[in-house]
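To start, the structure under review is shown below, and the notes come after it.
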Amino acid sequence: MIEFQSSADGTEIAFERTGEGPALIVIGGALNSRRSAGMLVGLLAPHFTVYAYDRRGRGESSDTLPYSPGREIEDLKTLIAAAGGSAYAYGHSSGAILALEAAAAGAAIRKIAAYEPPYLTGHAPDEPWENFRDRVQAALNEGDQEGAVELFIRHTGSDFDEGIKTMPWWPALLSVANTLPYDLTLTSDGRVPERLSNIQVPTLGIYGGASPSWAGNAINAVAAVVPGMKKEKLEGQDHAVSHDAVAPLLIDFFNSAPA
């Protein structure tokens, strides 16, 4: 059942809760909605009350302009309040950055698991991040969602196969293309901010053994800033980590000694 919670600026955040146990919020990355976590939610629900939500501008959630990472942090704090006042958090990609930033800003997150926050990716080093974000926004302003998604995928260093436009999930990507500039703003210049040193809760950084080198470098850079952060490599996994591979690690981490 879809529920809604009003964020500080009046944005309606849509979410679903599944399972029983301690609250665990799943935070998706770029081109994801709450539905993207469906299989993972099913694996986690026997152990936790899992909250999967549509970040602002996606799915059933509304939006309020102008965008700022601070507003997304407010959204997450609102969801934590709906979950009882504190929660665990698992973020993937830009969702991992959001989880880390929210914890650093004082959100009541009890533990954080962050999968490959996209710091230090090293792509397009000669183009300021604002310029690339504005190019994506220009494509969206012209109604070219396909062009915006293609720009973004190529920016990640992944090959772009025109055949993906025939895939059944392609329309779902286009439906959230409008939020790509949000993820790019959240990631900004790719440097790990010193403010993450404010995080004082158990934190686990995860990366895939089959991911590009930036993924492990990013986790090492975050670990150098976040006090006591632990690191884990999932062999054979890449940025599109298998739910079956990451779920046991999350269950073990969040069920370990209370925080």
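Numbering starts fresh at 1 for the residues of each chain in the structure tokens, the chains themselves are lettered A, B, ... in the order given, and ligands are numbered from 1 as they appear.
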
Selection near range 10-21 of chain A, 9 Å with only C-alpha atoms, sequence-local residues under 2 positions removed, as number ranges by chain: A: 1-8, 23-24, 34, 41-42, 44-56, 59-64, 75, 78-79, 83

- prompt: Quick one: residues within 10 Å of range 210-215 of chain A, only C-alpha atoms counted, chain neighbours fewer than 4 positions away excluded, as a PyMOL selection string?
  reply: chain A and resi 93+115-123+157+206+219-221+233-241

Distance query Leu180 in chain A at most 12 Å, only C-alpha atoms, self and fewer than 5 positions along chain excluded, as a ChimeraX atom specification: /A:29-32,55-58,67,94,132-140,145-153,155,173-175,185-187

- prompt: Which residues come within 9 Å of Tyr88 in chain A, counting only C-alpha atoms, excluding same-chain residues fewer than 6 positions away, as an MDAnalysis selection string?
  reply: chainID A and resid 22:26 108:113 254

I need the residues from that last selection saved to file as an mmCIF file, in the first residue's frame (with all heavy atoms), if you can.
data_model
loop_
_atom_site.group_PDB
_atom_site.id
_atom_site.type_symbol
_atom_site.label_atom_id
_atom_site.label_comp_id
_atom_site.auth_asym_id
_atom_site.auth_seq_id
_atom_site.Cartn_x
_atom_site.Cartn_y
_atom_site.Cartn_z
ATOM 1 N N PRO A 22 13.094 -3.866 12.913
ATOM 2 C CA PRO A 22 13.655 -2.513 12.905
ATOM 3 C C PRO A 22 13.472 -1.842 11.545
ATOM 4 O O PRO A 22 13.505 -2.507 10.500
ATOM 5 C CB PRO A 22 15.136 -2.736 13.209
ATOM 6 C CG PRO A 22 15.214 -4.081 13.838
ATOM 7 C CD PRO A 22 14.111 -4.888 13.245
ATOM 8 N N ALA A 23 13.280 -0.538 11.556
ATOM 9 C CA ALA A 23 13.068 0.200 10.311
ATOM 10 C C ALA A 23 14.353 0.278 9.496
ATOM 11 O O ALA A 23 15.423 0.605 10.018
ATOM 12 C CB ALA A 23 12.561 1.599 10.616
ATOM 13 N N LEU A 24 14.244 -0.007 8.205
ATOM 14 C CA LEU A 24 15.355 0.068 7.265
ATOM 15 C C LEU A 24 14.864 0.793 6.015
ATOM 16 O O LEU A 24 13.931 0.332 5.351
ATOM 17 C CB LEU A 24 15.866 -1.324 6.914
ATOM 18 C CG LEU A 24 16.840 -1.436 5.732
ATOM 19 C CD1 LEU A 24 18.075 -0.563 5.931
ATOM 20 C CD2 LEU A 24 17.247 -2.892 5.511
ATOM 21 N N ILE A 25 15.478 1.922 5.704
ATOM 22 C CA ILE A 25 15.101 2.703 4.525
ATOM 23 C C ILE A 25 16.063 2.401 3.392
ATOM 24 O O ILE A 25 17.283 2.458 3.561
ATOM 25 C CB ILE A 25 15.100 4.209 4.849
ATOM 26 C CG1 ILE A 25 14.080 4.509 5.948
ATOM 27 C CG2 ILE A 25 14.788 5.024 3.597
ATOM 28 C CD1 ILE A 25 14.089 5.945 6.431
ATOM 29 N N VAL A 26 15.507 2.070 2.225
ATOM 30 C CA VAL A 26 16.290 1.783 1.031
ATOM 31 C C VAL A 26 16.237 3.009 0.131
ATOM 32 O O VAL A 26 15.157 3.478 -0.233
ATOM 33 C CB VAL A 26 15.749 0.542 0.301
ATOM 34 C CG1 VAL A 26 16.517 0.310 -0.997
ATOM 35 C CG2 VAL A 26 15.832 -0.694 1.197
ATOM 36 N N ALA A 108 18.425 11.002 12.064
ATOM 37 C CA ALA A 108 18.462 9.928 13.064
ATOM 38 C C ALA A 108 18.623 8.567 12.386
ATOM 39 O O ALA A 108 17.736 7.709 12.434
ATOM 40 C CB ALA A 108 17.207 9.965 13.920
ATOM 41 N N ILE A 109 19.772 8.389 11.754
ATOM 42 C CA ILE A 109 20.110 7.118 11.105
ATOM 43 C C ILE A 109 21.002 6.334 12.052
ATOM 44 O O ILE A 109 22.043 6.823 12.491
ATOM 45 C CB ILE A 109 20.820 7.375 9.761
ATOM 46 C CG1 ILE A 109 19.869 8.104 8.805
ATOM 47 C CG2 ILE A 109 21.291 6.062 9.154
ATOM 48 C CD1 ILE A 109 20.521 8.525 7.502
ATOM 49 N N ARG A 110 20.617 5.110 12.372
ATOM 50 C CA ARG A 110 21.332 4.313 13.373
ATOM 51 C C ARG A 110 22.546 3.599 12.795
ATOM 52 O O ARG A 110 23.552 3.409 13.474
ATOM 53 C CB ARG A 110 20.371 3.305 13.999
ATOM 54 C CG ARG A 110 19.215 3.957 14.754
ATOM 55 C CD ARG A 110 18.154 2.940 15.113
ATOM 56 N NE ARG A 110 18.701 1.848 15.921
ATOM 57 C CZ ARG A 110 18.084 0.679 16.076
ATOM 58 N NH1 ARG A 110 16.939 0.435 15.457
ATOM 59 N NH2 ARG A 110 18.630 -0.248 16.841
ATOM 60 N N LYS A 111 22.455 3.171 11.547
ATOM 61 C CA LYS A 111 23.567 2.559 10.829
ATOM 62 C C LYS A 111 23.396 2.880 9.355
ATOM 63 O O LYS A 111 22.269 3.025 8.865
ATOM 64 C CB LYS A 111 23.588 1.030 10.996
ATOM 65 C CG LYS A 111 23.959 0.509 12.365
ATOM 66 C CD LYS A 111 24.045 -1.024 12.323
ATOM 67 C CE LYS A 111 24.456 -1.611 13.666
ATOM 68 N NZ LYS A 111 24.580 -3.088 13.593
ATOM 69 N N ILE A 112 24.514 2.939 8.645
ATOM 70 C CA ILE A 112 24.489 3.232 7.214
ATOM 71 C C ILE A 112 25.256 2.164 6.453
ATOM 72 O O ILE A 112 26.385 1.823 6.820
ATOM 73 C CB ILE A 112 25.161 4.578 6.889
ATOM 74 C CG1 ILE A 112 24.595 5.708 7.739
ATOM 75 C CG2 ILE A 112 25.040 4.909 5.399
ATOM 76 C CD1 ILE A 112 25.498 6.932 7.760
ATOM 77 N N ALA A 113 24.653 1.659 5.384
ATOM 78 C CA ALA A 113 25.378 0.857 4.407
ATOM 79 C C ALA A 113 25.338 1.626 3.091
ATOM 80 O O ALA A 113 24.261 2.004 2.620
ATOM 81 C CB ALA A 113 24.744 -0.520 4.236
ATOM 82 N N PHE A 254 23.212 -5.004 9.607
ATOM 83 C CA PHE A 254 22.183 -4.316 10.386
ATOM 84 C C PHE A 254 21.721 -5.139 11.582
ATOM 85 O O PHE A 254 21.197 -4.572 12.559
ATOM 86 C CB PHE A 254 20.991 -3.954 9.500
ATOM 87 C CG PHE A 254 21.291 -2.867 8.502
ATOM 88 C CD1 PHE A 254 21.107 -3.074 7.142
ATOM 89 C CD2 PHE A 254 21.757 -1.631 8.919
ATOM 90 C CE1 PHE A 254 21.383 -2.065 6.227
ATOM 91 C CE2 PHE A 254 22.048 -0.620 8.005
ATOM 92 C CZ PHE A 254 21.865 -0.840 6.653
#

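Proximity ranking of A:Gly216, A:Pro227, A:Pro202, A:Gly208 relative to Ser256 in chain A places A:Pro202 first, based on only C-alpha atoms.
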
Using only C-alpha atoms: which of A:Asn131, A:Gly163, A:His92, A:Ala247 has the shortest distance to Tyr207 in chain A: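 Among the listed residues, the smallest separation from Tyr207 in chain A belongs to A:His92.
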
message: Give me the residues near Ala107 in chain A as a PyMOL selection string, where near means some atom within 10 Å (using only C-alpha atoms) and where sequence neighbours in that chain fewer than 2 positions away do not count.
response: chain A and resi 73-74+76-78+80-81+85-87+99-105+109-110+199

- prompt: Mind checking DSSP for range 19-235 of chain A and telling me the alpha helix (DSSP H) residues as number ranges by chain?
  reply: A: 38-44, 69-82, 94-104, 129-141, 145-155, 170-175, 180-187, 213-223

- request: Enter the distance from CA of Asp9 in chain A to CA of Arg191 in chain A, in Å, rounded to one decimal.
  value: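 So the two atoms, CA of Asp9 in chain A and CA of Arg191 in chain A, lie 28.1 Å apart.
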
message: What parts of range 61-170 of chain A does DSSP call strand (DSSP E)? I'd like the answer as a ChimeraX atom specification.
response: /A:87-92,109-115

Output N, CA, C and O atoms of each residue in that selection to a file, as a compact mmCIF listing (two decimals), in the first residue's frame.
# COMPACT_ATOMS: atom_id res chain seq x y z
N ALA A 87 16.10 5.04 12.10
CA ALA A 87 16.09 3.95 11.12
C ALA A 87 17.50 3.61 10.68
O ALA A 87 18.43 4.41 10.81
N TYR A 88 17.66 2.40 10.15
CA TYR A 88 18.85 2.06 9.39
C TYR A 88 18.66 2.61 7.98
O TYR A 88 17.54 2.88 7.55
N ALA A 89 19.76 2.74 7.24
CA ALA A 89 19.66 3.23 5.87
C ALA A 89 20.64 2.49 4.98
O ALA A 89 21.81 2.33 5.32
N TYR A 90 20.14 2.04 3.82
CA TYR A 90 20.99 1.47 2.78
C TYR A 90 20.81 2.31 1.53
O TYR A 90 19.69 2.45 1.02
N GLY A 91 21.90 2.88 1.03
CA GLY A 91 21.83 3.68 -0.18
C GLY A 91 22.71 3.11 -1.27
O GLY A 91 23.82 2.63 -1.00
N HIS A 92 22.21 3.17 -2.48
CA HIS A 92 22.96 2.70 -3.64
C HIS A 92 23.31 3.89 -4.52
O HIS A 92 22.47 4.74 -4.81
N ILE A 109 19.77 8.39 11.75
CA ILE A 109 20.11 7.12 11.10
C ILE A 109 21.00 6.33 12.05
O ILE A 109 22.04 6.82 12.49
N ARG A 110 20.62 5.11 12.37
CA ARG A 110 21.33 4.31 13.37
C ARG A 110 22.55 3.60 12.80
O ARG A 110 23.55 3.41 13.47
N LYS A 111 22.45 3.17 11.55
CA LYS A 111 23.57 2.56 10.83
C LYS A 111 23.40 2.88 9.36
O LYS A 111 22.27 3.02 8.87
N ILE A 112 24.51 2.94 8.64
CA ILE A 112 24.49 3.23 7.21
C ILE A 112 25.26 2.16 6.45
O ILE A 112 26.39 1.82 6.82
N ALA A 113 24.65 1.66 5.38
CA ALA A 113 25.38 0.86 4.41
C ALA A 113 25.34 1.63 3.09
O ALA A 113 24.26 2.00 2.62
N ALA A 114 26.51 1.87 2.52
CA ALA A 114 26.62 2.69 1.31
C ALA A 114 27.28 1.88 0.21
O ALA A 114 28.44 1.48 0.35
N TYR A 115 26.55 1.65 -0.88
CA TYR A 115 27.11 0.89 -2.00
C TYR A 115 27.55 1.85 -3.10
O TYR A 115 26.74 2.54 -3.72

- prompt: Skipping near chain neighbours, those fewer than 2 positions away, what residues fall within 6 Å of range 229-231 of chain A using only C-alpha atoms, listed as a PyMOL selection string?
  reply: chain A and resi 203-206+223+226-227

Include N, CA, C and O atoms and write out the residues we just selected as a PDB file, in the first residue's frame.
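Written file, again.pdb:
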ATOM      1  N   THR A 203      29.118   2.557  10.039  1.00  0.00           N
ATOM      2  CA  THR A 203      28.968   2.759   8.601  1.00  0.00           C
ATOM      3  C   THR A 203      29.740   1.676   7.861  1.00  0.00           C
ATOM      4  O   THR A 203      30.870   1.355   8.217  1.00  0.00           O
ATOM      5  N   LEU A 204      29.094   1.131   6.841  1.00  0.00           N
ATOM      6  CA  LEU A 204      29.707   0.094   6.014  1.00  0.00           C
ATOM      7  C   LEU A 204      29.739   0.582   4.572  1.00  0.00           C
ATOM      8  O   LEU A 204      28.695   0.918   3.999  1.00  0.00           O
ATOM      9  N   GLY A 205      30.917   0.625   3.983  1.00  0.00           N
ATOM     10  CA  GLY A 205      31.069   0.968   2.577  1.00  0.00           C
ATOM     11  C   GLY A 205      31.278  -0.296   1.767  1.00  0.00           C
ATOM     12  O   GLY A 205      32.133  -1.128   2.096  1.00  0.00           O
ATOM     13  N   ILE A 206      30.513  -0.456   0.698  1.00  0.00           N
ATOM     14  CA  ILE A 206      30.540  -1.682  -0.102  1.00  0.00           C
ATOM     15  C   ILE A 206      30.842  -1.326  -1.550  1.00  0.00           C
ATOM     16  O   ILE A 206      30.333  -0.332  -2.080  1.00  0.00           O
ATOM     17  N   ALA A 223      36.034   6.188   3.636  1.00  0.00           N
ATOM     18  CA  ALA A 223      36.515   5.582   4.877  1.00  0.00           C
ATOM     19  C   ALA A 223      37.595   6.433   5.540  1.00  0.00           C
ATOM     20  O   ALA A 223      37.757   6.394   6.765  1.00  0.00           O
ATOM     21  N   VAL A 226      35.055   9.185   7.264  1.00  0.00           N
ATOM     22  CA  VAL A 226      34.030   8.745   8.222  1.00  0.00           C
ATOM     23  C   VAL A 226      34.690   7.913   9.325  1.00  0.00           C
ATOM     24  O   VAL A 226      35.292   6.870   9.043  1.00  0.00           O
ATOM     25  N   PRO A 227      34.582   8.336  10.562  1.00  0.00           N
ATOM     26  CA  PRO A 227      35.250   7.623  11.663  1.00  0.00           C
ATOM     27  C   PRO A 227      34.785   6.167  11.780  1.00  0.00           C
ATOM     28  O   PRO A 227      33.588   5.889  11.828  1.00  0.00           O
TER      29      PRO A 227
END

- prompt: When you draw a straight line from CA of Val225 in chain A to CA of Gly106 in chain A, how long is it in Å?
  reply: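 So the two atoms, CA of Val225 in chain A and CA of Gly106 in chain A, lie 16.3 Å apart.
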
query: What does the distance between CA of Ser36 in chain A and CA of Phe253 in chain A come to in Å, to one decimal place?
result: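 Distance between the two atoms: 21.8 Å.
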